[in-house]
Every structure is written in C-alpha cells, then in structure tokens.
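To keep things clear, I will list the structure first and then write my remarks on it.
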Amino acid sequence: VGDVFLLLGLAALYTSTCSLSYDIIFDTTVIERLSTVPTGIFGLSLAGLSGLLLFIGTIGKSAQFPLHIWLPDAMEGPTPVSALIHAATMVSAGVYLAVRAFPLLSAGWLPGHPLTTPMLFMAFIGTFTAFFAATIALSQNDIKRVLAYSTISQLGYMIAALGVGSFVGAVFHLVTHAFFKALLFLGSGSVIHGMEAGALSEEETLDVQDMQNMGGLRKKMPTTFWTFLIGGFSLAGFPLVTAGFWSKDEILTGAFSEGNWIVFTLLGLSALFTAFYTARQITLTFLGEPRSEAAMHAHEPTRTMTYPLIVLALFAVAAGWLGIPAGFPIIGGDQPGWFQTFLFAMIPFGEHTAESHSAIPLVVSLVVSLGGLFLGWRVYSTHSAGKADPLEKILGPVYRLLKNKYYIDELYSVIFIKPSVWIAEKLTSIWMDGKAIDGFLHGLSQLTPALGDLLRNGFDKPVINNGGDAMGDMLIDFGQWMRRFQSGRVQQYLLYSVWVVIISGMVIFYLVGKG
C-alpha cells in the first residue's frame, strides 16, 4: 500500500521536474515553483501533494499506524537481523525519506506560523503512532515484541518531530535510536541465548522469550545486564547521561516551542509509558528471583556476543553529547551543538530548525523519565512466578485490550483477509475458475473432436490417404508397362539396339545434311 503511493509521489515529482535528483527537486526555486502550483486536492500545492504521497510510503516502510502490523511479526528473525534492519537501517529508511522530503512537506512554512497540511498529517500520524504503540508495549511478555512495539513508537516520535517542524530533533533521534535500540535487540538475543542454554541443560520446555519465565538474570549474565540497562535507560531518556534523553528533549522542545500542546502532551505521555515498559522489561528479565529452571541455570554467552553490546553501550551514552542544545541549563553553550551545526551546514533550510530551549519541556522530560522508570520498577519488583501481571490487576479490561493490540490484527482479518479468502474460494473458484476457465476448456475439449473429424474427412482422407493410394497405383501401372521392355530375351534387346542405331543415324544424317 505504501509503495503504491510512493510510486505516485515519484511520478508526480518526475512529471513536474523531469528529474528525481535531490539537487534538482530541492533547489529553492523549484520548491517555490512547486509550492505555487495548486492541485485542487485538499487545497494542496504540487509540492505538498508530492511530499504527502512520499510520506505515505514512509508510513508503510517505517510501520506507522495503520500500516504498522507487519513489524512485530518480523521479529521472528534472529536478533542480529532485528538489530540491524529493525533498529538502525531498514525501518529507519522511511523516516530518512520523510527527512529528505521535508522541503516539500514544509514548503511555505516558517517557525511560529501555522503548519502545512502535510506537516499536520505527519504530526497526527507520528503522535498517534508513538502513543498507540507505547500502550501496546506495556502488556507484551515476549522480550523482542516489547522492543518491536517500542521501535514503532520511537519511529512515531521522529515523524511527529518532523510534523511540528523539529527537523533537528527527528534526525538526532534517528541517530541515537539506532544505537540504543540495536543494543537492546542484541541484548535480548543474549538473554534468549542464555535462557536456551539453561532450558537445554535442565530439559525444560518453555518459551525462552517470555519475560514471565525469566528473572534473576542480573547475577547470571552481568555484562548483558549492565549493557541492557544502559540501552533501556537511553530508550527511557534517563536525564543527562544517555543519548536518548538529549534527542527526546530536542523533540519535546520543538513541540513546545511551536505551541502544539496536543502533540507535546501525547509525546510526554508516550515517553512516560516508554520509561514504564522499559523498567518493566528490565525488572522482569534481570531483577528478582528466577521464575523458571531455565533462568536459574542460564549463563553469559561468549565474548563474540558481549563485546558488541559494550561498544553499542558506549555510543548509547556518548552519542547524545554531540547534540547538547544551545541554552541548556549549566552545560549548554551559546551556540548549537556539533550535531545541530552539522545539519545546518548540510541543508538549505537549517536556519529555520533551531528551537530555543525552555525549562518546561526539560522538566517534563525529567519527570516522565524518572517517574516512569520508578513506577515500572515499583510495580514489578515483587512479581513472582505463577502470579498474574500486576498491570492486569490495575487496568482490568483495558489490559486485555492492550494485550490483544487493540484487536487491530483481528479487525484487518475481518475487513481484508477473510473477504479475500472468500473471494478466492467462492467467487474466483466457482465463477472464474469453475465457469470461465473450466467452461472455456470444456468447450474447447468438445470443439476439438469436431475439428478433428472435419480435418480427417476434408483433408486427411481425400488428400493424404487417397492421394497416397493413387500415387501408389500409378507407380504400379508404370512398373507393369515398363516390364514389357524388360523381357530378358537377347534377340529383343538386339532389335532395340538396331532401332536405336538406325534412328540415331537418321537424325545425324539429317542434321549434317541440313548444315
């Protein structure tokens, strides 16, 4: 679905600019020209329509609502694959496309002015996706599925940032997220590997990815624990010392500076939920007592698995220091950080993307991060084997709604999958296959014998058979006639020779006399 709209966007751009080169499309004069060409569709200019079509491609590629359902199911692959394509590269490519298309999406917009229609659409999709996916992650027990919905939520954060004009915040979070989410995916792979080893040693049959079967792994897998803790804290935006804090604070500051209170509030709640489910994941996995024999006998994997965790943990902390914003209390300077300066030098509209830092989003970042981490630890610190999820007791029916992912998969099954199956089985099978295709083939099968009889009686018998027989009879008659000259008598052959000599002589005499 997303790719079809992406193709339409590319077609619109190529039709209007005769190129798909960034240098040509994003030239200032070209953007100004495209922004003045009306399309008659929702009041969009040609620039806005093209950018919006490209962004719908981002919705599919970066798993934004409502095209998000594929990403959690893609977590079945190995964790290094998840770390690479579902954290750092593949799903982020959609956000990267939206970042590159930002001049089209924001054509005619200036900070402090009303957002363009494509930007409003991005702000809505990104904010809703961030909030929506974060609530689902609260109730998931599969260690990788929690991270999958977390990825959807964080990608929504980036899209929402672009929607409110926080270009720097979106790109900064794209970079920091790659480090700490890859770290968390590889950390979950280390945990799963350790649980599998414990399960095999004890011959215990259980789901080694279910966090309800874990617990107490902090002592069994110390390197995995500390690196996972750093990644989790960065995801939760632990203040000042993690990369995730700086990029999230940049996004919240951008939403606040634009006065978009709905986006700011929902992103703040999403950050609170993120910190909560991160603490829940860390507590259920590493803290407390083991809740299975597999967890009790798990062990740290080899250094080939733990060394990458250490490297990523360093970046999950240090990458954020490159983007400390100007005006940040105490440690912020008068000039933008290195990352902001780098972006401003790379893009022609960088002067429009710097936000003045404010104390309110900073306070919100601190409260939701620390508060969510504390609440998550407090709720699950006493959780033991065999007991229901504490959140289920608190939320009741809402927990079941979150556990079943708002029944979106079931809804899509009713709306799209089952009708498609019905069409395939009933309409296509009975009418198209049963009547059209089978009817044509059956009719052809009945026509073939009639055509065969016609060809046999009209061509095969009179021409092939009778013609062959007639030729055979002629050869026989000719042979009978030739037998008269092959009697076997010497006298007859001598007579023939005399006649040949006489006739030949007469011919020669005639020709010589005439000459």
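Just so we're on the same page: first chain in the structure tokens is A, next is B, and so on; residues restart at 1 for each chain, and ligands are numbered from 1 in the order they show up.
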
Next item on the list: Enumerate, as a count of residues only, the complete set of residues in stretch 49-92 of chain A that a backbone-based DSSP assignment places in alpha helix (DSSP H).
Entry: 25

Check: For the atom pair atom CA of A:Pro336 and atom CA of A:Gly169, what is the interatomic distance in Å to one decimal place?
Finding: 12.6 Å

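The neighbours of stretch 283-288 of chain A here are the residues that come within 7 Å of it, using only C-alpha atoms and leaving out any residue fewer than 2 positions away in the same chain; they are Met211, Gln212, Met214, Gly215, Gly216, Leu217, Arg218, Phe225, Ala279, Arg280, Gln281, Pro290, Trp377, Tyr380 and Ser381 of chain A.
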
Checklist line | Separation of atom CA of A:Ile159 from atom CA of A:Thr127 in Å | finding: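 The value is 7.7 Å.
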
Item checked: Distance query stretch 3-19 of chain A at most 12 Å, only C-alpha atoms, self and fewer than 2 positions along chain excluded, as JSON, numbers by chain -> {"A": [1, 21, 22, 23, 24, 25, 26, 27, 29, 30, 31, 33, 34, 35, 37, 39, 45, 46, 47, 48, 49, 50, 51, 52, 53, 54, 55, 56, 57, 58, 59, 60, 61, 62, 67, 94, 97, 98, 101, 104, 105]}

Notebook entry, point to check: If we count only C-alpha atoms, what is near A:Leu366 at a cut-off of 9 Å, once residues fewer than 3 positions away on the same chain are taken out, given as a PyMOL selection string?
Noted result: chain A and resi 237-239+245+361-363+369-371

Expected file contents, prior selection, N, CA and C atoms, as a PDB file, in the first residue's frame:
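The result, written out as selection_30.pdb:
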```
ATOM      1  N   GLY A 237      15.119   7.677  28.189  1.00  0.00           N
ATOM      2  CA  GLY A 237      15.523   9.077  28.284  1.00  0.00           C
ATOM      3  C   GLY A 237      16.027   9.455  29.658  1.00  0.00           C
ATOM      4  N   PHE A 238      16.829   8.577  30.259  1.00  0.00           N
ATOM      5  CA  PHE A 238      17.379   8.898  31.582  1.00  0.00           C
ATOM      6  C   PHE A 238      18.194  10.191  31.490  1.00  0.00           C
ATOM      7  N   PRO A 239      17.952  11.136  32.384  1.00  0.00           N
ATOM      8  CA  PRO A 239      18.470  12.505  32.212  1.00  0.00           C
ATOM      9  C   PRO A 239      19.988  12.593  32.141  1.00  0.00           C
ATOM     10  N   PHE A 245      17.985  10.742  26.026  1.00  0.00           N
ATOM     11  CA  PHE A 245      17.469  11.922  26.724  1.00  0.00           C
ATOM     12  C   PHE A 245      17.615  13.163  25.852  1.00  0.00           C
ATOM     13  N   PRO A 361       9.725  21.858  28.811  1.00  0.00           N
ATOM     14  CA  PRO A 361       9.965  20.511  28.258  1.00  0.00           C
ATOM     15  C   PRO A 361      11.067  19.764  28.982  1.00  0.00           C
ATOM     16  N   LEU A 362      12.052  20.488  29.523  1.00  0.00           N
ATOM     17  CA  LEU A 362      13.105  19.825  30.288  1.00  0.00           C
ATOM     18  C   LEU A 362      12.529  19.183  31.544  1.00  0.00           C
ATOM     19  N   VAL A 363      11.686  19.915  32.247  1.00  0.00           N
ATOM     20  CA  VAL A 363      11.060  19.373  33.461  1.00  0.00           C
ATOM     21  C   VAL A 363      10.191  18.163  33.103  1.00  0.00           C
ATOM     22  N   SER A 369      10.612  10.534  32.555  1.00  0.00           N
ATOM     23  CA  SER A 369      11.653   9.513  32.510  1.00  0.00           C
ATOM     24  C   SER A 369      11.859   8.870  33.872  1.00  0.00           C
ATOM     25  N   LEU A 370      12.157   9.695  34.860  1.00  0.00           N
ATOM     26  CA  LEU A 370      12.410   9.152  36.198  1.00  0.00           C
ATOM     27  C   LEU A 370      11.146   8.562  36.802  1.00  0.00           C
ATOM     28  N   GLY A 371      10.015   9.225  36.597  1.00  0.00           N
ATOM     29  CA  GLY A 371       8.762   8.718  37.142  1.00  0.00           C
ATOM     30  C   GLY A 371       8.361   7.398  36.533  1.00  0.00           C
TER      31      GLY A 371
END
```

Next item on the list: Find the residues around A:Ala160 up to 12 Å (only C-alpha atoms counted), leave out those fewer than 2 positions away in its own chain, and share them as a ChimeraX atom specification.
Entry: /A:64,95,98-99,118-131,153-158,162-167,169-171,173,248,251-252,254-255,260,262-264,266-267,270

So that I have them on file, write out the residues from the current selection with C-alpha atoms, as an mmCIF file, in the first residue's frame.
```cif
data_model
loop_
_atom_site.group_PDB
_atom_site.id
_atom_site.type_symbol
_atom_site.label_atom_id
_atom_site.label_comp_id
_atom_site.auth_asym_id
_atom_site.auth_seq_id
_atom_site.Cartn_x
_atom_site.Cartn_y
_atom_site.Cartn_z
ATOM 1 C CA GLN A 64 3.322 3.856 11.208
ATOM 2 C CA VAL A 95 11.916 8.266 8.304
ATOM 3 C CA ALA A 98 10.493 11.876 5.124
ATOM 4 C CA VAL A 99 13.524 13.832 6.338
ATOM 5 C CA PRO A 118 1.300 17.593 5.143
ATOM 6 C CA MET A 119 3.008 18.623 8.393
ATOM 7 C CA LEU A 120 -0.295 18.420 10.280
ATOM 8 C CA PHE A 121 -0.849 14.969 8.819
ATOM 9 C CA MET A 122 2.650 13.877 9.856
ATOM 10 C CA ALA A 123 2.189 15.315 13.345
ATOM 11 C CA PHE A 124 -1.081 13.409 13.770
ATOM 12 C CA ILE A 125 0.217 10.079 12.401
ATOM 13 C CA GLY A 126 3.504 10.262 14.302
ATOM 14 C CA THR A 127 1.988 11.339 17.617
ATOM 15 C CA PHE A 128 -0.803 8.784 17.496
ATOM 16 C CA THR A 129 1.621 6.004 16.498
ATOM 17 C CA ALA A 130 4.040 6.907 19.301
ATOM 18 C CA PHE A 131 1.253 6.850 21.905
ATOM 19 C CA SER A 153 6.645 4.146 18.971
ATOM 20 C CA GLN A 154 10.082 5.733 18.579
ATOM 21 C CA LEU A 155 9.672 5.980 14.818
ATOM 22 C CA GLY A 156 6.386 7.754 15.516
ATOM 23 C CA TYR A 157 8.345 10.143 17.738
ATOM 24 C CA MET A 158 10.577 11.019 14.789
ATOM 25 C CA LEU A 162 9.052 16.443 11.601
ATOM 26 C CA GLY A 163 5.351 17.253 11.757
ATOM 27 C CA VAL A 164 5.912 20.090 14.234
ATOM 28 C CA GLY A 165 8.995 21.324 12.394
ATOM 29 C CA SER A 166 11.648 19.899 14.732
ATOM 30 C CA PHE A 167 13.890 18.716 11.918
ATOM 31 C CA GLY A 169 15.076 16.534 16.799
ATOM 32 C CA ALA A 170 13.853 13.996 14.228
ATOM 33 C CA VAL A 171 17.290 13.400 12.710
ATOM 34 C CA HIS A 173 16.605 10.810 17.483
ATOM 35 C CA LYS A 248 13.816 13.211 23.092
ATOM 36 C CA ILE A 251 11.703 16.752 20.129
ATOM 37 C CA LEU A 252 9.680 17.837 23.163
ATOM 38 C CA GLY A 254 10.340 21.526 19.302
ATOM 39 C CA ALA A 255 6.706 20.605 20.005
ATOM 40 C CA ASN A 260 1.314 22.384 19.747
ATOM 41 C CA ILE A 262 -1.761 18.140 21.906
ATOM 42 C CA VAL A 263 1.418 16.778 20.333
ATOM 43 C CA PHE A 264 3.504 17.861 23.310
ATOM 44 C CA LEU A 266 0.770 12.929 23.952
ATOM 45 C CA LEU A 267 4.501 12.672 23.308
ATOM 46 C CA SER A 270 4.346 8.264 25.353
#
```

Next item on the list: Record the distance separating atom CA of A:Val379 and atom CA of A:Ala182, expressed in Å with one decimal.
Entry: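 Computed distance, atom CA of A:Val379 to atom CA of A:Ala182, equals 26.7 Å.
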
Could I get the residues of stretch 76-160 of chain A with an atom no further than 12 Å from an atom of stretch 398-409 of chain A, each paired with its nearest atom pair and that distance in Å to one decimal, using only C-alpha atoms, sorted by chain and residue number, as a tab-separated table?
```
residue	atom	partner	partner_atom	distance
A:Phe132	CA	A:Lys405	CA	9.2
A:Ala133	CA	A:Lys405	CA	8.6
A:Ala134	CA	A:Leu402	CA	9.8
A:Thr135	CA	A:Leu402	CA	6.7
A:Ile136	CA	A:Leu402	CA	4.9
A:Ala137	CA	A:Leu402	CA	8.0
A:Leu138	CA	A:Leu402	CA	7.6
A:Ser139	CA	A:Lys403	CA	5.2
A:Gln140	CA	A:Lys403	CA	6.2
A:Asn141	CA	A:Lys403	CA	9.0
A:Asp142	CA	A:Lys403	CA	11.2
A:Arg145	CA	A:Lys405	CA	11.4
A:Val146	CA	A:Lys403	CA	11.1
A:Tyr149	CA	A:Lys405	CA	9.9
```

Selection file, N, CA, C and O atoms, as a compact mmCIF listing (two decimals), in the first residue's frame:
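Below is the file result-v8.txt, written as the result:
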```
# COMPACT_ATOMS: atom_id res chain seq x y z
N PHE A 132 0.10 5.13 20.66
CA PHE A 132 -0.60 3.87 20.43
C PHE A 132 0.33 2.68 20.66
O PHE A 132 0.00 1.74 21.39
N ALA A 133 1.51 2.70 20.03
CA ALA A 133 2.44 1.57 20.15
C ALA A 133 3.02 1.46 21.56
O ALA A 133 3.28 0.36 22.05
N ALA A 134 3.23 2.61 22.22
CA ALA A 134 3.76 2.57 23.59
C ALA A 134 2.78 1.89 24.54
O ALA A 134 3.20 1.15 25.45
N THR A 135 1.48 2.12 24.35
CA THR A 135 0.50 1.47 25.23
C THR A 135 0.47 -0.03 25.01
O THR A 135 0.31 -0.81 25.96
N ILE A 136 0.64 -0.47 23.76
CA ILE A 136 0.66 -1.92 23.49
C ILE A 136 1.88 -2.57 24.13
O ILE A 136 1.79 -3.67 24.69
N ALA A 137 3.03 -1.88 24.08
CA ALA A 137 4.26 -2.44 24.64
C ALA A 137 4.15 -2.66 26.15
O ALA A 137 4.90 -3.47 26.71
N LEU A 138 3.22 -1.97 26.81
CA LEU A 138 3.06 -2.12 28.26
C LEU A 138 2.66 -3.53 28.67
O LEU A 138 2.95 -3.96 29.79
N SER A 139 1.99 -4.25 27.76
CA SER A 139 1.38 -5.52 28.15
C SER A 139 2.01 -6.74 27.48
O SER A 139 1.56 -7.86 27.69
N GLN A 140 3.04 -6.54 26.63
CA GLN A 140 3.63 -7.67 25.91
C GLN A 140 4.64 -8.39 26.81
O GLN A 140 5.37 -7.76 27.58
N ASN A 141 4.68 -9.70 26.69
CA ASN A 141 5.59 -10.51 27.51
C ASN A 141 6.79 -11.05 26.73
O ASN A 141 7.79 -11.43 27.33
N ASP A 142 6.68 -11.10 25.39
CA ASP A 142 7.82 -11.52 24.57
C ASP A 142 8.85 -10.40 24.58
O ASP A 142 8.56 -9.26 24.24
N ARG A 145 9.13 -8.67 21.29
CA ARG A 145 7.92 -7.98 20.85
C ARG A 145 7.77 -6.64 21.57
O ARG A 145 7.26 -5.68 21.00
N VAL A 146 8.20 -6.59 22.83
CA VAL A 146 8.21 -5.30 23.52
C VAL A 146 9.07 -4.29 22.76
O VAL A 146 8.69 -3.14 22.54
N TYR A 149 7.35 -3.10 19.38
CA TYR A 149 6.39 -2.01 19.54
C TYR A 149 7.07 -0.73 20.02
O TYR A 149 6.64 0.38 19.70
```

Checklist line | Who sits within 7 Å of A:Ala298, only C-alpha atoms, same chain under 5 positions skipped, as number ranges by chain | finding: A: 194-195, 197-198, 220
